[in-house]
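Colleague: Before anything else, here's the structure in question.
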Amino acid sequence: MVDNYLESEDFHQMVWPARCPDLNPIVHAWDALGRAIAIRQPSSRAIQVLKSALVEEWVQLLH
């Protein structure tokens, strides 16, 4: 119904899948957080160090 109306009004729209991951901000947040952690040097496998790094990077994403 909406598509028909937009067509009748000669409204041009982008073709974009309804569940496109580009529209999901959570996917982008996790991706940015993962990339920030991946480039940290030296990388650590200790859980507490990783937890601290995640919190630090999360705060950086918010600013």
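Chain labels run A, B, ... following the order of the structure tokens; each chain numbers its residues from 1, and ligands are numbered from 1 in the order shown.
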Quick one: residues within 12 Å of range 53-56 of chain A, only C-alpha atoms, excluding same-chain residues fewer than 5 positions away - as a PyMOL selection string?

Modeller: chain A and resi 29-30+32-48+61-63
